[in-house]
file coords-v1.cif (mmCIF, C-alpha atoms)
data_coords
#
loop_
_atom_site.label_atom_id
_atom_site.label_comp_id
_atom_site.auth_asym_id
_atom_site.auth_seq_id
_atom_site.Cartn_x
_atom_site.Cartn_y
_atom_site.Cartn_z
CA MET A 1 -242.61 -243.93 -51.65
CA ALA A 2 -241.21 -247.40 -51.15
CA ASN A 3 -243.73 -249.93 -49.85
CA SER A 4 -242.55 -252.67 -47.50
CA TRP A 5 -245.90 -254.45 -47.07
CA LYS A 6 -245.62 -258.19 -47.70
CA SER A 7 -248.34 -260.82 -48.05
CA ASN A 8 -249.06 -264.12 -49.79
CA ASP A 9 -250.27 -262.20 -52.84
CA THR A 10 -247.76 -259.39 -52.79
CA ALA A 11 -248.78 -257.64 -56.00
CA GLY A 12 -252.52 -257.80 -55.37
CA GLN A 13 -252.38 -256.97 -51.69
CA THR A 14 -249.90 -254.11 -52.08
CA ALA A 15 -252.27 -252.54 -54.58
CA ARG A 16 -254.98 -252.65 -51.89
CA LEU A 17 -252.91 -251.07 -49.14
CA PRO A 18 -255.12 -248.29 -47.74
CA ARG A 19 -253.88 -244.82 -48.58
CA HIS A 20 -255.50 -243.40 -45.45
CA ILE A 21 -255.95 -245.13 -42.09
CA ALA A 22 -257.81 -243.48 -39.21
CA ILE A 23 -257.60 -244.63 -35.59
CA ILE A 24 -259.69 -243.86 -32.52
CA MET A 25 -256.97 -244.07 -29.85
CA ASP A 26 -259.18 -245.51 -27.11
CA GLY A 27 -258.47 -247.34 -23.87
CA ASN A 28 -255.59 -245.38 -22.33
CA GLY A 29 -257.42 -244.73 -19.06
CA ARG A 30 -258.67 -248.31 -18.71
CA TRP A 31 -255.17 -249.63 -19.45
CA ALA A 32 -253.78 -247.59 -16.56
CA THR A 33 -256.66 -248.43 -14.19
CA GLN A 34 -256.17 -252.16 -14.79
CA ARG A 35 -252.58 -251.73 -13.59
CA GLY A 36 -253.47 -249.59 -10.60
CA LEU A 37 -251.84 -246.54 -12.22
CA PRO A 38 -253.10 -242.97 -12.73
CA ARG A 39 -254.97 -242.41 -15.98
CA THR A 40 -252.28 -239.94 -17.01
CA VAL A 41 -249.78 -242.82 -17.19
CA GLY A 42 -252.08 -244.51 -19.70
CA HIS A 43 -252.10 -241.41 -21.88
CA LYS A 44 -248.30 -241.33 -21.84
CA ALA A 45 -248.19 -244.98 -22.90
CA GLY A 46 -250.75 -244.22 -25.62
CA ALA A 47 -248.59 -241.38 -26.94
CA GLU A 48 -245.67 -243.79 -27.36
CA THR A 49 -247.95 -246.22 -29.19
CA PHE A 50 -248.91 -243.41 -31.58
CA ARG A 51 -245.24 -242.79 -32.37
CA ARG A 52 -244.64 -246.47 -33.16
CA ILE A 53 -247.79 -246.93 -35.22
CA ALA A 54 -247.18 -243.73 -37.21
CA THR A 55 -243.65 -244.91 -38.02
CA HIS A 56 -244.99 -248.33 -39.05
CA CYS A 57 -247.62 -246.76 -41.31
CA LYS A 58 -244.94 -244.61 -42.93
CA ASN A 59 -242.67 -247.61 -43.48
CA LEU A 60 -245.50 -249.65 -45.00
CA GLY A 61 -246.27 -246.92 -47.51
CA VAL A 62 -249.55 -245.67 -46.03
CA GLU A 63 -249.89 -242.03 -47.11
CA TYR A 64 -252.12 -240.63 -44.35
CA LEU A 65 -252.77 -241.52 -40.72
CA THR A 66 -255.48 -239.64 -38.82
CA VAL A 67 -255.75 -240.14 -35.07
CA TYR A 68 -258.42 -239.02 -32.60
CA ALA A 69 -256.38 -237.37 -29.85
CA PHE A 70 -258.85 -235.09 -28.03
CA SER A 71 -262.55 -234.67 -28.75
CA THR A 72 -264.82 -231.69 -28.20
CA GLU A 73 -266.36 -233.74 -25.37
CA ASN A 74 -263.07 -234.52 -23.62
CA TRP A 75 -263.11 -231.14 -21.85
CA LYS A 76 -265.56 -232.81 -19.43
CA ARG A 77 -262.67 -234.81 -17.95
CA SER A 78 -260.79 -233.72 -14.84
CA ALA A 79 -258.50 -230.70 -15.07
CA ASP A 80 -255.53 -232.91 -14.17
CA GLU A 81 -256.24 -235.34 -17.00
CA VAL A 82 -256.81 -232.57 -19.55
CA GLY A 83 -253.63 -230.84 -18.41
CA ALA A 84 -251.65 -234.06 -18.76
CA LEU A 85 -252.98 -234.61 -22.28
CA MET A 86 -252.04 -231.09 -23.32
CA GLY A 87 -248.60 -231.52 -21.75
CA LEU A 88 -248.00 -234.68 -23.78
CA LEU A 89 -249.10 -232.88 -26.92
CA LYS A 90 -246.74 -229.97 -26.20
CA ARG A 91 -243.80 -232.35 -25.78
CA TYR A 92 -244.69 -234.21 -28.98
CA LEU A 93 -244.97 -230.97 -30.98
CA GLN A 94 -241.66 -229.69 -29.67
CA GLU A 95 -240.00 -232.91 -30.81
CA ALA A 96 -241.84 -232.86 -34.13
CA VAL A 97 -240.60 -229.37 -34.96
CA ASP A 98 -237.04 -230.70 -34.69
CA THR A 99 -237.56 -233.96 -36.60
CA MET A 100 -240.28 -233.48 -39.24
CA GLU A 101 -237.97 -232.43 -42.06
CA LYS A 102 -235.38 -235.11 -41.27
CA ASP A 103 -238.02 -237.85 -41.03
CA HIS A 104 -240.12 -236.52 -43.95
CA ILE A 105 -243.32 -236.47 -41.90
CA ARG A 106 -245.95 -233.79 -42.43
CA LEU A 107 -248.21 -232.96 -39.50
CA ARG A 108 -251.66 -231.38 -39.66
CA PHE A 109 -254.39 -230.66 -37.12
CA PHE A 110 -258.14 -231.16 -37.49
CA GLY A 111 -260.52 -229.44 -35.10
CA ASP A 112 -261.35 -226.07 -33.60
CA MET A 113 -258.05 -224.81 -32.22
CA THR A 114 -259.44 -221.60 -30.67
CA PRO A 115 -259.84 -223.03 -27.10
CA ILE A 116 -256.31 -224.47 -27.18
CA SER A 117 -253.59 -222.52 -25.35
CA PRO A 118 -251.69 -219.89 -27.39
CA GLU A 119 -248.45 -221.81 -26.82
CA LEU A 120 -249.85 -225.00 -28.34
CA ARG A 121 -251.49 -223.09 -31.19
CA ALA A 122 -248.14 -221.49 -31.99
CA LEU A 123 -246.44 -224.90 -32.06
CA ALA A 124 -249.19 -226.29 -34.28
CA HIS A 125 -248.79 -223.32 -36.63
CA GLU A 126 -245.05 -224.02 -36.76
CA THR A 127 -245.63 -227.64 -37.75
CA ASP A 128 -248.05 -226.43 -40.45
CA GLU A 129 -245.34 -224.15 -41.82
CA ILE A 130 -242.80 -226.95 -41.86
CA SER A 131 -245.31 -229.26 -43.58
CA THR A 132 -245.76 -226.79 -46.45
CA HIS A 133 -242.05 -227.10 -47.24
CA LEU A 134 -242.10 -230.91 -47.44
CA PRO A 135 -242.89 -232.78 -50.68
CA PRO A 136 -246.60 -233.66 -51.17
CA GLY A 137 -245.68 -237.35 -51.35
CA ASP A 138 -244.30 -237.45 -47.82
CA PHE A 139 -246.24 -239.31 -45.14
CA GLN A 140 -248.80 -237.14 -43.34
CA ALA A 141 -250.10 -237.57 -39.79
CA ASN A 142 -253.33 -235.74 -38.94
CA VAL A 143 -254.07 -235.15 -35.27
CA CYS A 144 -257.70 -234.48 -34.32
CA LEU A 145 -257.53 -231.99 -31.45
CA ASN A 146 -260.66 -230.47 -29.91
CA TYR A 147 -262.36 -232.28 -32.76
CA GLY A 148 -265.90 -233.53 -33.25
CA GLY A 149 -267.43 -234.71 -36.51
CA ARG A 150 -270.62 -232.70 -35.99
CA ASP A 151 -268.63 -229.61 -35.03
CA GLU A 152 -266.50 -229.98 -38.17
CA ILE A 153 -269.63 -230.16 -40.34
CA LEU A 154 -271.17 -227.13 -38.63
CA ARG A 155 -268.00 -225.10 -39.10
CA ALA A 156 -267.91 -226.09 -42.78
CA VAL A 157 -271.56 -225.05 -43.23
CA ARG A 158 -270.84 -221.68 -41.63
CA ARG A 159 -267.87 -221.08 -43.93
CA PHE A 160 -269.89 -221.99 -47.01
CA GLY A 161 -272.78 -219.81 -45.82
CA ALA A 162 -270.41 -216.88 -45.29
CA ASP A 163 -269.08 -217.32 -48.83
CA CYS A 164 -272.66 -217.28 -50.15
CA VAL A 165 -273.40 -214.07 -48.25
CA SER A 166 -270.26 -212.44 -49.63
CA GLY A 167 -271.15 -213.50 -53.17
CA ALA A 168 -268.16 -215.81 -53.56
CA ARG A 169 -270.48 -218.85 -53.82
CA LYS A 170 -274.07 -219.63 -54.73
CA PRO A 171 -276.15 -222.18 -52.77
CA GLU A 172 -276.95 -224.13 -55.94
CA GLU A 173 -273.23 -224.71 -56.51
CA LEU A 174 -272.96 -226.94 -53.45
CA SER A 175 -271.93 -230.53 -54.20
CA GLU A 176 -270.31 -233.26 -52.11
CA ALA A 177 -266.92 -232.40 -53.55
CA LEU A 178 -267.33 -228.68 -52.88
CA PHE A 179 -268.58 -229.29 -49.34
CA SER A 180 -265.58 -231.53 -48.66
CA SER A 181 -263.32 -228.62 -49.52
CA TYR A 182 -264.71 -226.74 -46.49
CA LEU A 183 -263.88 -229.55 -44.06
CA ASP A 184 -260.74 -229.84 -41.93
CA SER A 185 -259.72 -232.80 -44.10
CA ARG A 186 -259.88 -230.88 -47.38
CA GLY A 187 -257.47 -232.21 -49.97
CA ILE A 188 -257.10 -235.58 -48.23
CA PRO A 189 -258.80 -238.79 -49.41
CA ASP A 190 -261.41 -240.27 -47.09
CA PRO A 191 -260.07 -243.05 -44.84
CA GLU A 192 -260.46 -246.49 -46.33
CA LEU A 193 -259.89 -248.12 -42.94
CA ILE A 194 -260.97 -246.94 -39.48
CA ILE A 195 -259.54 -248.84 -36.50
CA ARG A 196 -261.10 -248.79 -33.04
CA PRO A 197 -259.11 -250.41 -30.22
CA SER A 198 -260.71 -251.17 -26.81
CA GLY A 199 -263.73 -253.05 -28.16
CA GLU A 200 -266.20 -250.17 -28.23
CA LEU A 201 -268.69 -250.37 -31.11
CA ARG A 202 -269.27 -246.71 -31.90
CA LEU A 203 -267.73 -243.85 -33.86
CA SER A 204 -267.73 -241.35 -30.98
CA ASN A 205 -268.30 -238.40 -33.31
CA PHE A 206 -265.20 -239.19 -35.43
CA LEU A 207 -264.98 -238.27 -39.14
CA LEU A 208 -268.74 -238.49 -39.61
CA TRP A 209 -268.70 -237.11 -43.17
CA GLN A 210 -265.53 -238.89 -44.27
CA CYS A 211 -266.46 -242.38 -43.03
CA ALA A 212 -269.36 -242.95 -45.46
CA TYR A 213 -267.65 -245.96 -47.08
CA SER A 214 -264.81 -246.66 -44.68
CA GLU A 215 -264.14 -250.23 -43.58
CA PHE A 216 -264.18 -250.70 -39.80
CA TYR A 217 -261.87 -252.87 -37.72
CA VAL A 218 -262.55 -253.30 -34.00
CA THR A 219 -260.27 -255.04 -31.52
CA ASP A 220 -260.56 -255.55 -27.76
CA THR A 221 -256.90 -254.58 -27.39
CA LEU A 222 -256.50 -251.31 -25.49
CA TRP A 223 -254.61 -248.60 -27.37
CA PRO A 224 -251.36 -248.71 -25.34
CA ASP A 225 -251.09 -252.45 -26.18
CA PHE A 226 -251.88 -251.97 -29.88
CA ASP A 227 -248.71 -252.83 -31.80
CA GLU A 228 -247.36 -253.23 -35.32
CA ALA A 229 -248.63 -256.81 -35.58
CA GLN A 230 -252.15 -255.61 -34.69
CA LEU A 231 -251.96 -252.99 -37.42
CA ASP A 232 -250.81 -255.62 -39.91
CA ARG A 233 -253.80 -257.80 -38.97
CA ALA A 234 -256.18 -254.88 -39.44
CA ILE A 235 -254.74 -254.17 -42.89
CA ALA A 236 -254.86 -257.86 -43.85
CA GLU A 237 -258.55 -258.02 -42.88
CA TYR A 238 -259.24 -254.81 -44.82
CA GLN A 239 -257.64 -256.38 -47.89
CA GLN A 240 -260.13 -259.26 -47.71
CA ARG A 241 -263.18 -256.97 -47.65
CA ASP A 242 -265.39 -256.74 -50.75
CA ARG A 243 -265.76 -253.00 -51.23
CA ARG A 244 -268.75 -252.31 -53.52
CA PHE A 245 -269.58 -248.71 -52.57
CA GLY A 246 -273.30 -249.38 -52.87
CA GLY A 247 -273.01 -251.16 -56.21
CA VAL A 248 -272.88 -254.80 -57.31
CA LYS A 249 -269.75 -256.35 -58.74
CA LYS A 250 -270.27 -258.23 -61.99
#
call {"tool": "encode", "arguments": {"input": "coords-v1.cif", "output": "structure tokens"}}
result
Amino acid sequence: MANSWKSNDTAGQTARLPRHIAIIMDGNGRWATQRGLPRTVGHKAGAETFRRIATHCKNLGVEYLTVYAFSTENWKRSADEVGALMGLLKRYLQEAVDTMEKDHIRLRFFGDMTPISPELRALAHETDEISTHLPPGDFQANVCLNYGGRDEILRAVRRFGADCVSGARKPEELSEALFSSYLDSRGIPDPELIIRPSGELRLSNFLLWQCAYSEFYVTDTLWPDFDEAQLDRAIAEYQQRDRRFGGVKK
């Protein structure tokens, strides 16, 4: 895939472009409240930001973008807000079904989809089917829906335990690599860069297994105001980090 990222040290910095960026899309409600608007308007603005940032990642040559769209805890919000979020997702999926092949964008979902409406599950299944027909090298967006890092780990443990009971696996076979294959993110490299808009200094139960050696970038900018220039700054800062993975560089 062509890479359009430019910097002062083009060769060196391009080589350090993260393959996988993850973003906690935070601040939609506060963005709307600051403007005297309903929180649902903030979520709509945030959805448009996701479209722009996903396109920018694709154009830069980033291979994977994972976004935190709806957590297992977000069901505690008002019925109106939850309904609005699901309505935005439905509209996005309907558009994605029509454009994924043309735009060469694969779309996957992380999370427990069982509480999601049958209509949305059917649309998600359709995007999965389309994704299987696209080349592996195409850009992939992963949407975390009814997702929680602890829940993902528990579901993976249950699947591995069931395989042990059936005789398909033995407990002593378990390794980090094998356990990763039971996660929602199986087959995808861990995110090198996790971005958190809105200034909050916490993970909020996001990609707890996968973030072991991720680099973090926090900005006070609320998600609807996060733009391509902000993403470029996050990547530029990532490229300056000294990633040792617990070791010491000689």
call {"tool": "residues_around", "arguments": {"input": "coords-v1.cif", "residues": "Arg19 in chain A", "least_positions_apart": "4", "cutoff": "9 Å", "atoms": "only C-alpha atoms", "output": "JSON, numbers by chain"}}
result
{"A": [61, 62, 63, 64, 65, 189, 190, 191, 192, 193]}
call {"tool": "resolve_selection", "arguments": {"input": "coords-v1.cif", "expression": "the PyMOL selection byres ((chain A and resi 196-202) around 9)", "output": "PyMOL selection string"}}
result
chain A and resi 22-28+30+194-195+203-205+216-223+226
call {"tool": "atom_distance", "arguments": {"input": "coords-v1.cif", "atom1": "CA of Gly161 in chain A", "atom2": "CA of Thr132 in chain A"}}
result
27.9 Å
call {"tool": "resolve_selection", "arguments": {"input": "coords-v1.cif", "expression": "the PyMOL selection byres ((chain A and resi 139-149) around 7)", "output": "PyMOL selection string"}}
result
chain A and resi 58+63-72+104-113+137-138+150-153+205-208
call {"tool": "residues_around", "arguments": {"input": "coords-v1.cif", "residues": "Leu93 in chain A", "least_positions_apart": "2", "cutoff": "12 Å", "atoms": "only C-alpha atoms", "output": "MDAnalysis selection string"}}
result
chainID A and resid 47 51 86:91 95:100 106:109 119:128 130 143
call {"tool": "closest_residue", "arguments": {"input": "coords-v1.cif", "among": "A:Asp232, A:Ser131, A:Arg39, A:Gln210", "to": "Asn59 in chain A", "atoms": "all atoms listed in the file"}}
result
A:Asp232
call {"tool": "atom_distance", "arguments": {"input": "coords-v1.cif", "atom1": "CA of Glu129 in chain A", "atom2": "CA of Ser180 in chain A"}}
result
22.6 Å
call {"tool": "atom_distance", "arguments": {"input": "coords-v1.cif", "atom1": "CA of Leu174 in chain A", "atom2": "CA of Arg244 in chain A"}}
result
25.7 Å
call {"tool": "closest_residue", "arguments": {"input": "coords-v1.cif", "among": "A:Phe179, A:Asp227, A:Ile116, A:Pro18", "to": "Trp75 in chain A", "atoms": "all atoms listed in the file"}}
result
A:Ile116
